>>> print(open('data18.json').read())   # JSON, C-alpha atoms
[["chain", "number", "residue", "atom", "x", "y", "z"],
["A", 1283, "GLN", "CA", 211.15, -120.58, -163.98],
["A", 1284, "LEU", "CA", 214.12, -118.77, -165.46],
["A", 1285, "GLN", "CA", 215.01, -119.85, -168.97],
["A", 1286, "LEU", "CA", 217.59, -118.83, -171.54],
["A", 1287, "VAL", "CA", 217.60, -120.11, -175.12],
["A", 1288, "GLU", "CA", 220.40, -119.32, -177.56],
["A", 1289, "SER", "CA", 220.08, -119.25, -181.34],
["A", 1290, "GLY", "CA", 221.91, -117.94, -184.39],
["A", 1291, "GLY", "CA", 224.94, -120.18, -184.48],
["A", 1292, "GLY", "CA", 226.22, -121.78, -187.65],
["A", 1293, "LEU", "CA", 229.13, -122.24, -190.03],
["A", 1294, "VAL", "CA", 230.80, -119.09, -191.34],
["A", 1295, "GLN", "CA", 233.98, -118.34, -193.25],
["A", 1296, "PRO", "CA", 236.83, -116.41, -191.62],
["A", 1297, "GLY", "CA", 236.10, -112.70, -191.79],
["A", 1298, "GLY", "CA", 232.36, -113.30, -191.75],
["A", 1299, "SER", "CA", 229.69, -112.25, -189.27],
["A", 1300, "LEU", "CA", 227.04, -113.86, -187.13],
["A", 1301, "ARG", "CA", 224.42, -112.58, -184.71],
["A", 1302, "LEU", "CA", 223.67, -114.74, -181.69],
["A", 1303, "SER", "CA", 220.45, -114.25, -179.78],
["A", 1304, "CYS", "CA", 219.57, -115.17, -176.21],
["A", 1305, "GLN", "CA", 215.84, -115.31, -175.54],
["A", 1306, "THR", "CA", 215.17, -115.01, -171.80],
["A", 1307, "ALA", "CA", 212.03, -115.82, -169.84],
["A", 1308, "GLY", "CA", 210.89, -115.78, -166.24],
["A", 1309, "PHE", "CA", 212.86, -112.71, -165.16],
["A", 1310, "THR", "CA", 213.49, -109.10, -166.09],
["A", 1311, "LEU", "CA", 216.71, -107.90, -167.68],
["A", 1312, "ASP", "CA", 216.38, -104.74, -165.55],
["A", 1313, "TYR", "CA", 217.64, -106.79, -162.59],
["A", 1314, "TYR", "CA", 219.94, -109.32, -164.24],
["A", 1315, "GLY", "CA", 223.25, -109.26, -166.04],
["A", 1316, "ILE", "CA", 223.69, -111.51, -169.06],
["A", 1317, "ALA", "CA", 227.01, -112.91, -170.21],
["A", 1318, "TRP", "CA", 228.17, -114.89, -173.19],
["A", 1319, "PHE", "CA", 230.67, -117.68, -172.64],
["A", 1320, "ARG", "CA", 232.16, -120.04, -175.18],
["A", 1321, "GLN", "CA", 233.80, -123.42, -175.05],
["A", 1322, "ALA", "CA", 236.05, -124.79, -177.77],
["A", 1323, "PRO", "CA", 236.61, -128.56, -178.09],
["A", 1324, "GLY", "CA", 239.03, -129.76, -175.42],
["A", 1325, "LYS", "CA", 239.23, -126.36, -173.76],
["A", 1326, "GLU", "CA", 237.73, -124.73, -170.68],
["A", 1327, "ARG", "CA", 234.71, -122.47, -170.89],
["A", 1328, "GLN", "CA", 235.79, -118.87, -171.57],
["A", 1329, "TRP", "CA", 234.00, -115.64, -170.76],
["A", 1330, "VAL", "CA", 233.37, -113.55, -173.89],
["A", 1331, "SER", "CA", 231.24, -110.55, -172.97],
["A", 1332, "CYS", "CA", 228.56, -109.33, -170.58],
["A", 1333, "ILE", "CA", 225.95, -106.63, -170.20],
["A", 1334, "SER", "CA", 224.67, -105.60, -166.80],
["A", 1335, "ASN", "CA", 221.35, -104.56, -165.27],
["A", 1336, "THR", "CA", 219.12, -101.46, -165.64],
["A", 1337, "HIS", "CA", 217.60, -100.38, -168.94],
["A", 1338, "HIS", "CA", 220.88, -99.95, -170.81],
["A", 1339, "GLY", "CA", 223.48, -101.71, -168.65],
["A", 1340, "THR", "CA", 227.23, -101.48, -168.92],
["A", 1341, "THR", "CA", 229.17, -103.76, -171.22],
["A", 1342, "ASN", "CA", 232.50, -105.53, -171.01],
["A", 1343, "TYR", "CA", 234.49, -107.66, -173.45],
["A", 1344, "ALA", "CA", 237.29, -110.18, -173.28],
["A", 1345, "ASP", "CA", 240.44, -108.92, -174.99],
["A", 1346, "PRO", "CA", 240.35, -111.47, -177.87],
["A", 1347, "VAL", "CA", 236.94, -110.17, -179.04],
["A", 1348, "LYS", "CA", 237.23, -106.48, -178.18],
["A", 1349, "GLY", "CA", 236.50, -104.35, -181.23],
["A", 1350, "ARG", "CA", 234.93, -107.27, -183.14],
["A", 1351, "PHE", "CA", 231.99, -108.33, -180.96],
["A", 1352, "THR", "CA", 229.15, -106.17, -179.67],
["A", 1353, "ILE", "CA", 226.70, -107.16, -176.95],
["A", 1354, "SER", "CA", 223.31, -105.47, -176.69],
["A", 1355, "LYS", "CA", 219.89, -106.08, -175.22],
["A", 1356, "ASP", "CA", 216.24, -105.25, -175.67],
["A", 1357, "ASN", "CA", 214.62, -105.40, -172.25],
["A", 1358, "ALA", "CA", 211.10, -105.11, -173.65],
["A", 1359, "LYS", "CA", 211.66, -108.21, -175.80],
["A", 1360, "ASN", "CA", 213.69, -110.05, -173.14],
["A", 1361, "MET", "CA", 216.44, -110.51, -175.69],
["A", 1362, "VAL", "CA", 220.22, -110.21, -175.56],
["A", 1363, "TYR", "CA", 222.33, -110.21, -178.71],
["A", 1364, "LEU", "CA", 225.94, -110.84, -179.56],
["A", 1365, "ASP", "CA", 227.00, -109.40, -182.91],
["A", 1366, "MET", "CA", 230.21, -111.05, -184.03],
["A", 1367, "ASN", "CA", 232.23, -109.56, -186.89],
["A", 1368, "SER", "CA", 235.61, -110.35, -188.43],
["A", 1369, "LEU", "CA", 235.28, -113.90, -187.18],
["A", 1370, "LYS", "CA", 238.39, -116.02, -186.81],
["A", 1371, "PRO", "CA", 238.83, -119.80, -186.62],
["A", 1372, "GLU", "CA", 239.72, -119.40, -182.94],
["A", 1373, "ASP", "CA", 236.18, -118.06, -182.32],
["A", 1374, "THR", "CA", 234.88, -121.58, -182.96],
["A", 1375, "GLY", "CA", 233.02, -123.17, -180.09],
["A", 1376, "VAL", "CA", 229.70, -123.60, -178.34],
["A", 1377, "TYR", "CA", 228.37, -120.25, -177.19],
["A", 1378, "TYR", "CA", 226.29, -120.05, -174.02],
["A", 1379, "CYS", "CA", 224.35, -117.18, -172.50],
["A", 1380, "ALA", "CA", 223.99, -117.04, -168.73],
["A", 1381, "ALA", "CA", 222.16, -114.86, -166.19],
["A", 1382, "GLU", "CA", 223.52, -113.22, -163.02],
["A", 1383, "TYR", "CA", 221.22, -111.56, -160.50],
["A", 1384, "LEU", "CA", 222.37, -107.99, -159.88],
["A", 1385, "GLY", "CA", 219.23, -106.53, -158.33],
["A", 1386, "PHE", "CA", 217.71, -103.09, -158.68],
["A", 1387, "SER", "CA", 220.06, -100.13, -159.01],
["A", 1388, "ILE", "CA", 219.93, -96.60, -160.36],
["A", 1389, "VAL", "CA", 223.44, -96.88, -161.77],
["A", 1390, "PRO", "CA", 224.26, -100.06, -163.73],
["A", 1391, "ALA", "CA", 226.25, -102.63, -161.80],
["A", 1392, "VAL", "CA", 229.36, -104.31, -163.17],
["A", 1393, "CYS", "CA", 228.68, -107.78, -164.57],
["A", 1394, "SER", "CA", 231.01, -110.60, -163.63],
["A", 1395, "ILE", "CA", 233.64, -112.04, -165.92],
["A", 1396, "PHE", "CA", 233.62, -115.32, -163.96],
["A", 1397, "ALA", "CA", 231.16, -118.19, -164.37],
["A", 1398, "GLY", "CA", 230.46, -118.62, -160.66],
["A", 1399, "PRO", "CA", 227.89, -115.83, -160.18],
["A", 1400, "TYR", "CA", 225.86, -116.97, -163.20],
["A", 1401, "ASN", "CA", 223.21, -119.35, -161.88],
["A", 1402, "TYR", "CA", 221.16, -119.79, -165.03],
["A", 1403, "TRP", "CA", 222.48, -121.07, -168.35],
["A", 1404, "GLY", "CA", 221.17, -121.82, -171.80],
["A", 1405, "GLN", "CA", 221.85, -125.00, -173.72],
["A", 1406, "GLY", "CA", 224.34, -123.39, -176.11],
["A", 1407, "THR", "CA", 224.58, -122.76, -179.84],
["A", 1408, "GLN", "CA", 227.44, -123.98, -182.05],
["A", 1409, "VAL", "CA", 229.61, -121.51, -183.96],
["A", 1410, "ALA", "CA", 232.12, -122.84, -186.48],
["A", 1411, "VAL", "CA", 234.51, -120.53, -188.32],
["A", 1412, "SER", "CA", 236.19, -122.35, -191.16],
["A", 1413, "SER", "CA", 236.99, -122.03, -194.83]]
>>> encode(input="data18.json", output="C-alpha cells")
Amino acid sequence: QLQLVESGGGLVQPGGSLRLSCQTAGFTLDYYGIAWFRQAPGKERQWVSCISNTHHGTTNYADPVKGRFTISKDNAKNMVYLDMNSLKPEDTGVYYCAAEYLGFSIVPAVCSIFAGPYNYWGQGTQVAVSS
C-alpha cells in the first residue's frame, strides 16, 4: 500500500527556515513524481513544487516560492524534502506531499502542477509563519 507521511512543520518567524520531509512507502521514487501542495485557511489547495521520476528527477516551482524553496529527494531512503527559506506570513498553511505515477523513463518526465494526476496524498503538516 502506498503511503506518504509529512513531518517538519511548525511555527517560525518571518524570514526563518523550515525543512519539510515526506517519508514514502510502498513504491519507488524512480517511477513516481512527488509534489508539495499547501492550503491556507479559507483558500483552495495550491501547488508549490514538484520533483519527477528517475534517480534525480526534474524540479519545478510555483512563482511565489521560486528562489526561496528547494525540493530534493533521496531515492534510497524513500524521502522527499522541501527546504523553505525566507519564509513569509503568506507561506502559512497545511503542506501536503502527493505522488504521481510517471513510470520508467531514461529521461526524467515533467511532473504535474495540477492536483488531478496525484492519486496518493499524505495527511499534511502545519506551517505557521508569524511574529
>>> closest_residue(input="data18.json", among="A:Leu1311, A:Ala1391, A:Ala1410, A:Leu1293", to="A:His1337", atoms="all atoms listed in the file")
A:Leu1311
>>> atom_distance(input="data18.json", atom1="atom CA of A:Gln1285", atom2="atom CA of A:Gly1324")
26.8 Å
>>> closest_residue(input="data18.json", among="A:Gly1385, A:Val1392, A:Gly1398, A:Val1294", to="A:Lys1370", atoms="all atoms listed in the file")
A:Val1294
>>> closest_residue(input="data18.json", among="A:Thr1352, A:Thr1310, A:Asn1335, A:Gln1328", to="A:Asn1367", atoms="only C-alpha atoms")
A:Thr1352
>>> atom_distance(input="data18.json", atom1="atom CA of A:Arg1350", atom2="atom CA of A:Ser1368")
6.2 Å
>>> atom_distance(input="data18.json", atom1="atom CA of A:Gln1321", atom2="atom CA of A:Gln1405")
12.1 Å
>>> closest_residue(input="data18.json", among="A:Phe1386, A:Trp1318, A:Tyr1402, A:Trp1329", to="A:Ser1354", atoms="all atoms listed in the file")
A:Trp1318
>>> closest_residue(input="data18.json", among="A:Ser1413, A:Glu1372, A:Pro1390, A:Gly1406", to="A:Thr1341", atoms="all atoms listed in the file")
A:Pro1390
>>> closest_residue(input="data18.json", among="A:Cys1379, A:Leu1302, A:Ala1344, A:Val1389", to="A:Tyr1363", atoms="only C-alpha atoms")
A:Leu1302
>>> residues_around(input="data18.json", residues="A:Tyr1377", least_positions_apart="5", cutoff="6 Å", atoms="all atoms listed in the file", output="compact mmCIF listing (two decimals) with C-alpha atoms, in the frame of the given file")
# COMPACT_ATOMS: atom_id res chain seq x y z
CA PHE A 1319 230.67 -117.68 -172.64
CA ARG A 1320 232.16 -120.04 -175.18
CA GLY A 1406 224.34 -123.39 -176.11
CA THR A 1407 224.58 -122.76 -179.84
>>> residues_near_point(input="data18.json", point="(218.2, -104.1, -175.5)", cutoff="12 Å", atoms="all atoms listed in the file", output="ChimeraX atom specification")
/A:1303-1306,1310-1312,1315-1316,1333-1341,1352-1364
>>> build_atoms(input="data18.json", residues="stretch 1300-1315 of chain A", atoms="N, CA and C atoms", output="mmCIF file, keeping the file's coordinate frame")
data_model
loop_
_atom_site.group_PDB
_atom_site.id
_atom_site.type_symbol
_atom_site.label_atom_id
_atom_site.label_comp_id
_atom_site.auth_asym_id
_atom_site.auth_seq_id
_atom_site.Cartn_x
_atom_site.Cartn_y
_atom_site.Cartn_z
ATOM 1 N N LEU A 1300 228.198 -113.154 -187.642
ATOM 2 C CA LEU A 1300 227.040 -113.860 -187.130
ATOM 3 C C LEU A 1300 226.409 -113.028 -186.030
ATOM 4 N N ARG A 1301 225.103 -113.183 -185.854
ATOM 5 C CA ARG A 1301 224.420 -112.580 -184.710
ATOM 6 C C ARG A 1301 223.824 -113.704 -183.873
ATOM 7 N N LEU A 1302 224.269 -113.803 -182.637
ATOM 8 C CA LEU A 1302 223.670 -114.740 -181.690
ATOM 9 C C LEU A 1302 222.591 -114.036 -180.894
ATOM 10 N N SER A 1303 221.536 -114.780 -180.588
ATOM 11 C CA SER A 1303 220.450 -114.250 -179.780
ATOM 12 C C SER A 1303 220.254 -115.116 -178.545
ATOM 13 N N CYS A 1304 219.877 -114.476 -177.462
ATOM 14 C CA CYS A 1304 219.570 -115.170 -176.210
ATOM 15 C C CYS A 1304 218.178 -114.722 -175.787
ATOM 16 N N GLN A 1305 217.205 -115.600 -175.962
ATOM 17 C CA GLN A 1305 215.840 -115.310 -175.540
ATOM 18 C C GLN A 1305 215.719 -115.687 -174.067
ATOM 19 N N THR A 1306 215.319 -114.730 -173.231
ATOM 20 C CA THR A 1306 215.170 -115.010 -171.800
ATOM 21 C C THR A 1306 213.699 -115.036 -171.414
ATOM 22 N N ALA A 1307 213.389 -115.735 -170.341
ATOM 23 C CA ALA A 1307 212.030 -115.820 -169.840
ATOM 24 C C ALA A 1307 212.050 -116.069 -168.348
ATOM 25 N N GLY A 1308 211.026 -115.530 -167.672
ATOM 26 C CA GLY A 1308 210.890 -115.780 -166.240
ATOM 27 C C GLY A 1308 211.572 -114.759 -165.358
ATOM 28 N N PHE A 1309 212.217 -113.736 -165.956
ATOM 29 C CA PHE A 1309 212.860 -112.710 -165.160
ATOM 30 C C PHE A 1309 213.013 -111.464 -166.009
ATOM 31 N N THR A 1310 213.324 -110.349 -165.366
ATOM 32 C CA THR A 1310 213.490 -109.100 -166.090
ATOM 33 C C THR A 1310 214.957 -108.730 -166.223
ATOM 34 N N LEU A 1311 215.325 -108.302 -167.425
ATOM 35 C CA LEU A 1311 216.710 -107.900 -167.680
ATOM 36 C C LEU A 1311 217.072 -106.615 -166.916
ATOM 37 N N ASP A 1312 216.084 -105.925 -166.364
ATOM 38 C CA ASP A 1312 216.380 -104.740 -165.550
ATOM 39 C C ASP A 1312 217.167 -105.118 -164.296
ATOM 40 N N TYR A 1313 217.009 -106.365 -163.834
ATOM 41 C CA TYR A 1313 217.640 -106.790 -162.590
ATOM 42 C C TYR A 1313 218.769 -107.805 -162.773
ATOM 43 N N TYR A 1314 218.962 -108.265 -164.002
ATOM 44 C CA TYR A 1314 219.940 -109.320 -164.240
ATOM 45 C C TYR A 1314 221.004 -108.881 -165.246
ATOM 46 N N GLY A 1315 222.217 -109.373 -165.033
ATOM 47 C CA GLY A 1315 223.250 -109.260 -166.040
ATOM 48 C C GLY A 1315 223.272 -110.521 -166.875
#
